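Visitor: This is upload-v4.cif (mmCIF, C-alpha atoms).
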data_target
#
loop_
_atom_site.label_atom_id
_atom_site.label_comp_id
_atom_site.auth_asym_id
_atom_site.auth_seq_id
_atom_site.Cartn_x
_atom_site.Cartn_y
_atom_site.Cartn_z
CA MET A 1 17.24 143.14 4.44
CA MET A 2 15.29 139.90 4.76
CA LYS A 3 11.70 140.10 5.97
CA ARG A 4 11.09 138.67 9.43
CA ARG A 5 8.88 135.90 8.04
CA ASP A 6 11.66 134.87 5.66
CA ILE A 7 14.03 134.69 8.63
CA LEU A 8 11.70 132.49 10.65
CA THR A 9 10.84 130.17 7.78
CA GLY A 10 14.53 130.03 6.99
CA LEU A 11 15.14 128.62 10.46
CA PHE A 12 12.34 126.15 9.88
CA PHE A 13 13.26 123.91 6.94
CA ALA A 14 12.36 120.56 5.32
CA LEU A 15 8.83 120.49 6.71
CA ILE A 16 7.60 117.14 7.90
CA GLY A 17 3.87 116.63 7.64
CA GLY A 18 1.93 116.03 10.82
CA LEU A 19 -1.59 115.73 12.09
CA VAL A 20 -3.29 119.08 12.66
CA VAL A 21 -5.89 118.68 15.37
CA PRO A 22 -9.32 120.18 14.61
CA VAL A 23 -9.84 122.37 17.68
CA THR A 24 -12.75 124.77 17.94
CA ALA A 25 -12.28 128.40 18.98
CA GLU A 26 -14.13 127.66 22.21
CA GLU A 27 -11.82 124.76 23.05
CA MET A 28 -8.78 126.94 22.32
CA GLN A 29 -9.94 129.27 25.08
CA LEU A 30 -10.36 126.41 27.55
CA TYR A 31 -7.39 124.19 26.76
CA LYS A 32 -3.84 124.24 25.51
CA THR A 33 -3.62 121.40 23.01
CA TYR A 34 -0.41 119.59 22.10
CA LYS A 35 0.73 116.69 19.93
CA TYR A 36 3.85 114.55 19.63
CA GLU A 37 5.70 114.89 16.33
CA GLU A 38 8.29 112.27 15.34
CA ILE A 39 11.39 113.33 13.42
CA GLN A 40 12.66 111.04 10.68
CA ASP A 41 16.14 111.28 9.20
CA ALA A 42 15.97 111.54 5.42
CA ALA A 43 19.25 109.69 4.88
CA MET A 44 18.30 106.63 6.96
CA GLY A 45 14.51 106.77 6.65
CA LYS A 46 14.25 106.07 10.38
CA VAL A 47 12.81 107.94 13.37
CA VAL A 48 15.56 109.60 15.40
CA ALA A 49 13.62 111.86 17.80
CA ARG A 50 10.28 113.33 18.78
CA CYS A 51 9.06 116.59 20.24
CA MET A 52 5.83 117.91 21.72
CA ILE A 53 4.41 121.01 20.03
CA PRO A 54 1.11 122.91 20.10
CA SER A 55 -1.59 121.66 17.75
CA GLY A 56 -1.38 123.63 14.55
CA TYR A 57 2.39 123.94 14.74
CA ALA A 58 4.52 121.99 12.27
CA ALA A 59 7.83 120.34 13.14
CA ALA A 60 10.85 119.69 10.95
CA GLY A 61 14.10 117.94 11.66
CA GLN A 62 17.49 117.17 10.23
CA VAL A 63 20.43 115.02 11.24
CA MET A 64 23.69 116.80 10.47
CA TRP A 65 26.10 114.00 9.60
CA CYS A 66 29.86 114.41 9.95
CA GLY A 67 29.89 118.14 9.25
CA GLN A 68 32.21 120.92 10.38
CA TRP A 69 31.10 120.69 14.02
CA GLN A 70 30.86 116.91 14.29
CA SER A 71 33.49 114.70 15.88
CA ALA A 72 34.42 111.06 16.34
CA GLY A 73 32.74 111.26 19.76
CA ALA A 74 29.56 112.85 18.37
CA PRO A 75 29.52 112.19 14.61
CA ALA A 76 26.01 113.54 14.09
CA GLN A 77 23.75 116.19 15.60
CA VAL A 78 19.96 116.28 15.57
CA TYR A 79 18.40 119.67 14.85
CA ILE A 80 14.65 120.19 15.31
CA THR A 81 12.51 123.26 14.63
CA ALA A 82 8.81 123.91 15.22
CA LEU A 83 6.93 126.76 13.54
CA SER A 84 3.64 128.36 14.61
CA PRO A 85 0.70 128.58 12.17
CA ASP A 86 1.18 132.33 11.70
CA GLN A 87 4.93 131.76 11.13
CA ASN A 88 5.79 134.33 13.80
CA THR A 89 7.17 131.92 16.42
CA VAL A 90 9.86 129.27 16.01
CA MET A 91 11.29 126.87 18.61
CA GLY A 92 14.45 124.84 18.12
CA PHE A 93 16.57 122.06 19.60
CA TYR A 94 20.22 121.04 19.13
CA SER A 95 21.45 117.69 20.42
CA TYR A 96 24.84 116.68 21.82
CA VAL A 97 28.03 118.16 20.35
CA VAL A 98 31.69 117.90 21.44
CA TYR A 99 34.49 120.47 21.13
CA GLU A 100 38.17 120.87 21.97
CA HIS A 101 40.01 123.94 23.24
CA LYS A 102 43.81 123.81 22.96
CA LEU A 103 45.12 125.96 25.77
CA GLU A 104 48.87 125.61 25.63
CA ASP A 105 51.75 123.81 23.98
CA SER A 106 54.81 125.67 25.22
CA MET A 107 58.52 125.30 25.75
CA SER A 108 60.44 127.60 28.10
CA GLY A 109 57.42 129.91 28.29
CA VAL A 110 56.95 130.26 24.52
CA ASN A 111 53.47 129.08 23.49
CA TYR A 112 53.27 127.30 20.13
CA THR A 113 49.59 126.38 20.39
CA GLN A 114 47.71 126.49 17.09
CA HIS A 115 44.15 126.76 18.38
CA ARG A 116 41.73 128.10 15.76
CA ASP A 117 37.95 128.01 16.20
CA GLY A 118 36.25 125.94 13.53
CA ILE A 119 39.35 123.94 12.57
CA PHE A 120 39.19 120.15 12.77
CA ASP A 121 41.92 118.56 14.90
CA ALA A 122 42.80 115.41 12.95
CA GLU A 123 44.76 114.01 15.89
CA THR A 124 41.80 113.98 18.29
CA MET A 125 39.14 114.00 15.52
CA THR A 126 37.37 116.89 17.23
CA PRO A 127 36.54 120.42 16.04
CA MET A 128 38.20 123.29 17.90
CA LEU A 129 36.11 125.90 19.69
CA HIS A 130 37.20 128.03 22.64
CA PHE A 131 35.65 126.82 25.88
CA MET A 132 32.45 128.55 26.95
CA GLU A 133 30.50 128.36 30.16
CA ALA A 134 26.75 127.98 29.69
CA GLU A 135 26.02 131.75 29.75
CA ASP A 136 28.61 132.45 27.05
CA TYR A 137 27.39 129.54 24.95
CA CYS A 138 23.87 131.02 25.05
CA ASP A 139 25.37 134.23 23.61
CA TYR A 140 27.26 132.24 20.98
CA LEU A 141 24.11 130.39 19.83
CA ALA A 142 21.94 133.53 19.79
CA GLU A 143 24.51 135.41 17.72
CA GLY A 144 24.84 132.46 15.34
CA ILE A 145 21.12 131.96 14.82
CA LEU A 146 20.55 135.68 14.29
CA SER A 147 23.78 136.30 12.44
CA GLY A 148 23.90 139.78 10.94
CA TYR A 149 21.34 141.25 13.34
CA GLN A 150 21.92 143.44 16.37
CA ILE A 151 20.89 141.54 19.49
CA GLU A 152 20.71 142.78 23.06
CA LEU A 153 20.89 140.64 26.19
CA ILE A 154 17.86 141.65 28.25
CA GLU A 155 17.53 138.95 30.91
CA LYS A 156 19.55 136.29 32.65
CA HIS A 157 16.87 133.99 34.01
CA THR A 158 17.19 132.68 37.54
CA VAL A 159 17.86 128.99 37.12
CA ALA A 160 15.79 126.99 39.56
CA ASP A 161 17.67 125.10 42.25
CA GLU A 162 16.27 121.86 40.88
CA LEU A 163 17.94 122.53 37.51
CA ASP A 164 21.26 123.16 39.21
CA GLN A 165 20.76 119.88 41.04
CA ALA A 166 19.97 118.19 37.73
CA VAL A 167 23.27 119.38 36.26
CA ALA A 168 25.11 118.12 39.35
CA MET A 169 23.39 114.75 39.00
CA LEU A 170 24.38 114.55 35.34
CA MET A 171 28.00 115.24 36.27
CA ASP A 172 27.81 112.57 38.96
CA ALA A 173 26.72 110.18 36.23
CA ARG A 174 29.91 111.07 34.31
CA LYS A 175 32.24 110.28 37.21
CA ALA A 176 33.06 106.85 35.79
CA GLU A 177 33.85 108.35 32.38
CA ILE A 178 36.06 111.05 33.93
CA SER A 179 37.88 108.40 35.94
CA GLU A 180 38.56 106.40 32.76
CA LEU A 181 39.89 109.51 31.02
CA GLU A 182 42.15 110.26 33.98
CA GLN A 183 43.68 106.80 33.75
CA MET A 184 44.06 107.01 29.97
CA PHE A 185 45.78 110.43 29.96
CA ALA A 186 47.89 109.64 33.05
CA VAL A 187 49.90 107.22 30.91
CA SER A 188 51.23 110.19 28.91
CA GLY A 189 51.68 112.37 31.99
CA PHE A 190 48.47 114.41 31.71
CA LEU A 191 46.62 115.13 34.95
CA LEU A 192 43.06 116.28 35.57
CA GLU A 193 43.26 120.01 36.34
CA GLY A 194 39.60 121.00 36.58
CA THR A 195 35.98 120.32 35.68
CA TYR A 196 32.97 122.52 34.94
CA ALA A 197 29.23 121.97 34.48
CA GLY A 198 26.57 124.62 34.19
CA LEU A 199 23.15 125.46 32.85
CA ALA A 200 21.90 128.88 31.73
CA GLU A 201 18.76 130.46 30.30
CA GLN A 202 19.03 133.93 28.77
CA SER A 203 16.76 136.20 26.72
CA TYR A 204 17.70 138.63 23.97
CA ARG A 205 15.92 141.38 22.06
CA VAL A 206 16.18 141.74 18.30
CA VAL A 207 14.20 143.84 15.82
CA LEU A 208 13.03 142.00 12.69
CA ASP A 209 11.25 144.00 10.00
CA GLU A 210 10.58 146.77 12.55
CA VAL A 211 8.95 144.33 15.00
CA PRO A 212 10.64 143.70 18.41
CA TYR A 213 11.30 139.99 18.95
CA ARG A 214 12.51 138.08 21.97
CA MET A 215 14.79 135.08 21.74
CA THR A 216 15.27 132.78 24.74
CA VAL A 217 18.13 130.27 24.77
CA LEU A 218 18.51 127.43 27.28
CA CYS A 219 21.66 125.32 27.23
CA THR A 220 24.11 123.38 29.33
CA THR A 221 27.84 122.90 28.88
CA ASP A 222 30.45 120.87 30.73
CA GLY A 223 34.18 120.48 30.34
CA ILE A 224 37.28 118.70 31.60
CA GLN A 225 40.77 120.23 31.58
CA PHE A 226 43.90 118.10 31.38
CA GLY A 227 47.49 119.29 31.50
CA THR A 228 51.08 118.21 31.93
CA THR A 229 54.19 120.09 32.98
CA GLN A 230 57.65 118.56 32.63
CA GLU A 231 61.24 119.74 32.99
CA MET A 232 63.29 118.67 29.95
CA PRO A 233 67.09 118.77 29.65
CA TYR A 234 68.35 121.59 27.38
CA VAL A 235 64.75 122.69 26.73
CA GLY A 236 63.42 123.79 30.07
CA THR A 237 59.79 123.68 31.13
CA VAL A 238 57.46 121.95 28.68
CA ARG A 239 53.77 122.60 29.25
CA SER A 240 50.71 121.24 27.44
CA ALA A 241 47.03 121.70 28.34
CA PHE A 242 43.63 121.38 26.70
CA ILE A 243 39.92 121.36 27.53
CA SER A 244 37.58 118.69 26.21
CA TRP A 245 34.09 120.12 26.47
CA GLU A 246 30.55 119.48 25.27
CA ALA A 247 27.09 120.95 24.97
CA PRO A 248 24.68 118.09 25.76
CA PHE A 249 21.67 120.06 24.51
CA ALA A 250 20.40 123.52 23.61
CA PHE A 251 16.90 124.94 23.08
CA PHE A 252 15.72 128.28 21.75
CA MET A 253 12.49 130.16 21.07
CA LEU A 254 12.12 133.25 18.89
CA THR A 255 8.77 135.05 19.12
CA PRO A 256 7.37 138.60 18.97
CA GLU A 257 8.10 140.28 22.28
CA SER A 258 4.40 141.05 22.78
CA GLU A 259 3.58 137.30 22.49
CA TYR A 260 6.34 135.93 24.71
CA GLU A 261 4.18 135.09 27.73
CA GLU A 262 1.58 133.48 25.47
CA HIS A 263 4.15 131.02 24.09
CA ALA A 264 6.18 130.39 27.28
CA ALA A 265 4.16 127.32 28.29
CA ALA A 266 4.55 125.80 24.82
CA PHE A 267 8.31 126.30 25.04
CA GLU A 268 8.36 124.45 28.37
CA GLN A 269 6.45 121.52 26.87
CA PHE A 270 8.87 121.50 23.94
CA ILE A 271 11.88 121.39 26.29
CA TRP A 272 10.50 118.70 28.58
CA ASN A 273 9.27 116.39 25.83
CA THR A 274 11.95 116.54 23.14
CA GLU A 275 13.74 113.20 23.14
CA LEU A 276 16.11 111.20 20.96
CA THR A 277 15.05 107.61 20.36
CA ASP A 278 16.73 104.92 22.42
CA GLN A 279 17.69 103.21 19.16
CA PHE A 280 19.46 106.28 17.77
CA VAL A 281 21.47 106.84 20.97
CA GLU A 282 22.40 103.17 21.33
CA ALA A 283 23.41 102.93 17.67
CA PHE A 284 25.89 105.76 18.12
CA GLN A 285 27.36 104.18 21.22
CA LYS A 286 27.90 100.96 19.27
CA ALA A 287 29.20 102.68 16.14
CA GLN A 288 31.67 105.16 17.67
CA ASP A 289 34.58 102.71 17.93
CA GLN A 290 34.09 101.57 14.34
CA ILE A 291 33.93 105.17 13.14
CA VAL A 292 37.20 105.99 14.93
CA LYS A 293 38.90 102.92 13.42
CA GLN A 294 37.65 103.85 9.95
CA ILE A 295 39.04 107.38 10.32
CA LEU A 296 42.41 106.10 11.54
CA GLN A 297 42.66 103.55 8.73
CA ASN A 298 41.93 106.16 6.07
CA GLY A 299 44.13 108.84 7.63
CA SER A 300 41.17 111.22 7.54
CA THR A 301 41.56 114.93 8.21
CA SER A 302 37.82 115.67 8.35
CA MET A 303 34.62 113.91 9.34
CA SER A 304 33.13 114.32 5.85
CA THR A 305 35.38 111.54 4.53
CA VAL A 306 33.50 108.98 6.62
CA GLN A 307 29.98 110.38 6.25
CA ASP A 308 28.59 107.49 4.19
CA TYR A 309 30.17 104.93 6.51
CA CYS A 310 28.86 106.79 9.56
CA GLU A 311 25.27 106.88 8.27
CA SER A 312 25.21 103.23 7.22
CA SER A 313 26.86 102.07 10.45
CA VAL A 314 24.29 103.84 12.60
CA SER A 315 21.38 102.85 10.38
CA ASP A 316 22.33 99.16 10.52
CA ALA A 317 22.66 99.31 14.31
CA MET A 318 19.31 101.05 14.86
CA GLY A 319 16.84 98.45 13.67
CA SER A 320 13.30 99.63 13.02
CA GLY A 321 11.88 100.48 16.47
CA ALA A 322 11.40 103.86 18.11
CA THR A 323 11.20 103.92 21.91
CA TYR A 324 11.94 106.62 24.48
CA ASP A 325 12.68 104.78 27.72
CA ALA A 326 16.17 106.10 28.46
CA GLU A 327 16.66 108.58 31.29
CA GLN A 328 16.29 112.19 30.13
CA PHE A 329 17.60 115.43 31.61
CA SER A 330 14.02 116.54 32.23
CA ASP A 331 13.44 113.52 34.48
CA TYR A 332 15.27 115.48 37.18
CA ILE A 333 12.95 118.50 37.00
CA LEU A 334 10.43 118.50 39.82
CA SER A 335 8.12 121.30 38.64
CA GLN A 336 6.43 118.93 36.19
CA ASN A 337 4.46 115.72 36.46
CA ASP A 338 4.79 112.56 34.44
CA TYR A 339 1.64 111.13 32.80
CA THR A 340 0.96 107.99 30.78
CA MET A 341 -0.92 108.50 27.52
CA PRO A 342 -3.57 106.00 26.33
CA ASP A 343 -1.01 104.40 24.00
CA GLY A 344 1.42 103.85 26.90
CA GLU A 345 3.78 106.71 26.01
CA HIS A 346 4.89 109.08 28.76
CA VAL A 347 4.55 112.84 28.68
CA LYS A 348 5.67 115.60 31.05
CA VAL A 349 3.35 118.50 31.93
CA SER A 350 3.88 121.53 34.15
CA ASN A 351 2.35 121.12 37.60
CA THR A 352 0.73 124.53 37.15
CA PHE A 353 -2.04 122.75 35.22
CA ASP A 354 -4.74 121.06 37.29
CA TYR A 355 -6.29 118.91 34.55
CA VAL A 356 -4.69 116.85 31.80
CA TYR A 357 -6.63 114.94 29.14
CA ALA A 358 -5.67 112.87 26.10
CA ASP A 359 -7.46 111.33 23.14
CA ASP A 360 -6.75 108.14 21.18
CA LEU A 361 -4.99 110.11 18.43
CA GLY A 362 -2.16 111.00 20.79
CA ASN A 363 -3.23 114.60 21.36
CA LEU A 364 -2.83 116.18 24.79
CA TYR A 365 -5.11 118.79 26.40
CA VAL A 366 -4.00 120.74 29.49
CA SER A 367 -6.17 123.16 31.42
CA ASN A 368 -7.14 124.60 34.78
CA THR A 369 -10.81 123.95 34.10
CA GLN A 370 -12.56 120.70 34.96
CA GLU A 371 -14.68 120.66 31.80
CA GLN A 372 -13.44 117.62 29.86
CA PRO A 373 -13.07 117.75 26.06
CA ALA A 374 -15.22 115.29 24.16
CA GLY A 375 -13.56 111.99 23.25
CA THR A 376 -10.77 112.30 25.81
CA THR A 377 -9.58 110.43 28.88
CA GLN A 378 -8.49 112.27 32.00
CA LEU A 379 -4.89 111.51 32.96
CA HIS A 380 -3.45 111.47 36.47
CA PRO A 381 0.16 111.93 37.59
CA ASN A 382 2.17 108.70 37.84
#
Represent the structure from my file as structure tokens, please.
Guide:
Amino acid sequence: MMKRRDILTGLFFALIGGLVVPVTAEEMQLYKTYKYEEIQDAAMGKVVARCMIPSGYAAAGQVMWCGQWQSAGAPAQVYITALSPDQNTVMGFYSYVVYEHKLEDSMSGVNYTQHRDGIFDAETMTPMLHFMEAEDYCDYLAEGILSGYQIELIEKHTVADELDQAVAMLMDARKAEISELEQMFAVSGFLLEGTYAGLAEQSYRVVLDEVPYRMTVLCTTDGIQFGTTQEMPYVGTVRSAFISWEAPFAFFMLTPESEYEEHAAAFEQFIWNTELTDQFVEAFQKAQDQIVKQILQNGSTSMSTVQDYCESSVSDAMGSGATYDAEQFSDYILSQNDYTMPDGEHVKVSNTFDYVYADDLGNLYVSNTQEQPAGTTQLHPN
């Protein structure tokens, strides 16, 4: 059996060095202190994301290129972890991923569908995974991260109305895309049969090295189902249906159960301020068509055959900048305020804090006391 510290440090890999803020014990009692940490992809040597973590934490990141769970629509996935100084708490982030669920390919009521989770569909260039609503996907991620350990679902968090509204707004933003898909599939007789979008936050209990831990998972999933039913001479009813679905993001925190409340605010900051760079997102949007063409030309049966092309295509399209101006999911959340740091960068902070300060090194101090840390500037909501 692995020790709990080995498990946590196993989740946290490829450490990226960052500034550790010298904070006195007295200041730690007065303020919660955070810093931005940028994540650089080793293959490209370019910044792909950033996250906000407590001072003293260390962040690591990896871009998973064209692996088992990547697709032509999402050929890479950013994975970020942040580890506490005592190595007892780890937070993580997964970026956008796309899946396919084959529901039915039948003739005269006999289903010939060959859906198998984890298998790459070379026709659609998408990995297969049975469709999951957000609550089930939370379970799936928790079981995957803590594979081999007995976990127990202990809480389904009440999702704030504003988060439900945020999901609805995100789906509204996809209306144009859904309309385009409807037109594209209508040519072959497929009709839109249903849509889904949901967000869930759930907590689990697990015992690691005889210590009770709590894992919280927050994720969103959405899906679109298409199907066609036709009557064919000598064959009868022919039916085909599938779900194209995605998980735009997922976050988790694993911490000793006795320390959960202590780390809850840090987890919120991590969620609200984890962002992909504009350049990384735009590069993928520009490169997707070329990646699809490359796969079709080579007759590929897996994404790994175009990994080098995928990396170089995105790297060339990115340039050298790193900005974070694109609209984020957290922009819809009303229980936080937006502040502008001295260097012009924006940061989101819970509105439960009355005072927010920042220094010229990019460090953030939040508190409910008016006593201002030395060398800082007080920030006000935008």
Visitor: Would you write out, as a list in words, every residue that the PyMOL selection byres ((chain A and resi 181) around 12) captures in this file?
Guide: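 For this structure, the PyMOL selection byres ((chain A and resi 181) around 12) captures Arg174, Lys175, Ala176, Glu177, Ile178, Ser179, Glu180, Glu182, Gln183, Met184, Phe185, Ala186, Val187, Ser188, Phe190, Leu191, Leu192, Ile224, Gln225, Phe226 and Ser244 of chain A.
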Visitor: Next, the residues of the selection above should be written as a PDB file, in the frame of the given file with C-alpha atoms.
Guide:
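Result went into selection06.pdb, see below:
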ATOM      1  CA  ARG A 174      29.910 111.070  34.310  1.00  0.00           C
ATOM      2  CA  LYS A 175      32.240 110.280  37.210  1.00  0.00           C
ATOM      3  CA  ALA A 176      33.060 106.850  35.790  1.00  0.00           C
ATOM      4  CA  GLU A 177      33.850 108.350  32.380  1.00  0.00           C
ATOM      5  CA  ILE A 178      36.060 111.050  33.930  1.00  0.00           C
ATOM      6  CA  SER A 179      37.880 108.400  35.940  1.00  0.00           C
ATOM      7  CA  GLU A 180      38.560 106.400  32.760  1.00  0.00           C
ATOM      8  CA  GLU A 182      42.150 110.260  33.980  1.00  0.00           C
ATOM      9  CA  GLN A 183      43.680 106.800  33.750  1.00  0.00           C
ATOM     10  CA  MET A 184      44.060 107.010  29.970  1.00  0.00           C
ATOM     11  CA  PHE A 185      45.780 110.430  29.960  1.00  0.00           C
ATOM     12  CA  ALA A 186      47.890 109.640  33.050  1.00  0.00           C
ATOM     13  CA  VAL A 187      49.900 107.220  30.910  1.00  0.00           C
ATOM     14  CA  SER A 188      51.230 110.190  28.910  1.00  0.00           C
ATOM     15  CA  PHE A 190      48.470 114.410  31.710  1.00  0.00           C
ATOM     16  CA  LEU A 191      46.620 115.130  34.950  1.00  0.00           C
ATOM     17  CA  LEU A 192      43.060 116.280  35.570  1.00  0.00           C
ATOM     18  CA  ILE A 224      37.280 118.700  31.600  1.00  0.00           C
ATOM     19  CA  GLN A 225      40.770 120.230  31.580  1.00  0.00           C
ATOM     20  CA  PHE A 226      43.900 118.100  31.380  1.00  0.00           C
ATOM     21  CA  SER A 244      37.580 118.690  26.210  1.00  0.00           C
TER      22      SER A 244
END
Visitor: Counting all atoms listed in the file, figure out which residue out of A:Asp338, A:Asp209, A:Asp354, A:Glu371 gets nearest to Asn88 (chain A).
Guide: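 Using all atoms listed in the file, Asn88 (chain A) sits closest to A:Asp209.
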Visitor: Mind giving me the straight-line distance from CA of Glu201 (chain A) to CA of Lys156 (chain A) in Å, one decimal?
Guide: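 Pair CA of Glu201 (chain A) / CA of Lys156 (chain A) returns 6.3 Å.
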Visitor: Any idea what the distance is between CA of Phe284 (chain A) and CA of Ile271 (chain A)?
Guide: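 These atoms are spaced 22.5 Å apart.
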Visitor: How many Å lie between CA of Gln288 (chain A) and CA of Ser71 (chain A), rounded to one decimal?
Guide: 9.9 Å
Visitor: Between A:Trp245, A:Trp65, A:Tyr339, A:Tyr79, which one has atoms that come closest to Glu100 (chain A), using all atoms listed in the file?
Guide: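 Of all the options, A:Trp245 lies closest to Glu100 (chain A).
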Visitor: Using all atoms listed in the file, can you tell me which of A:Asp359, A:Thr89, A:Ile145, A:Gln70 comes closest to Met125 (chain A)?
Guide: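 For Met125 (chain A), the nearest of the candidates is A:Gln70.
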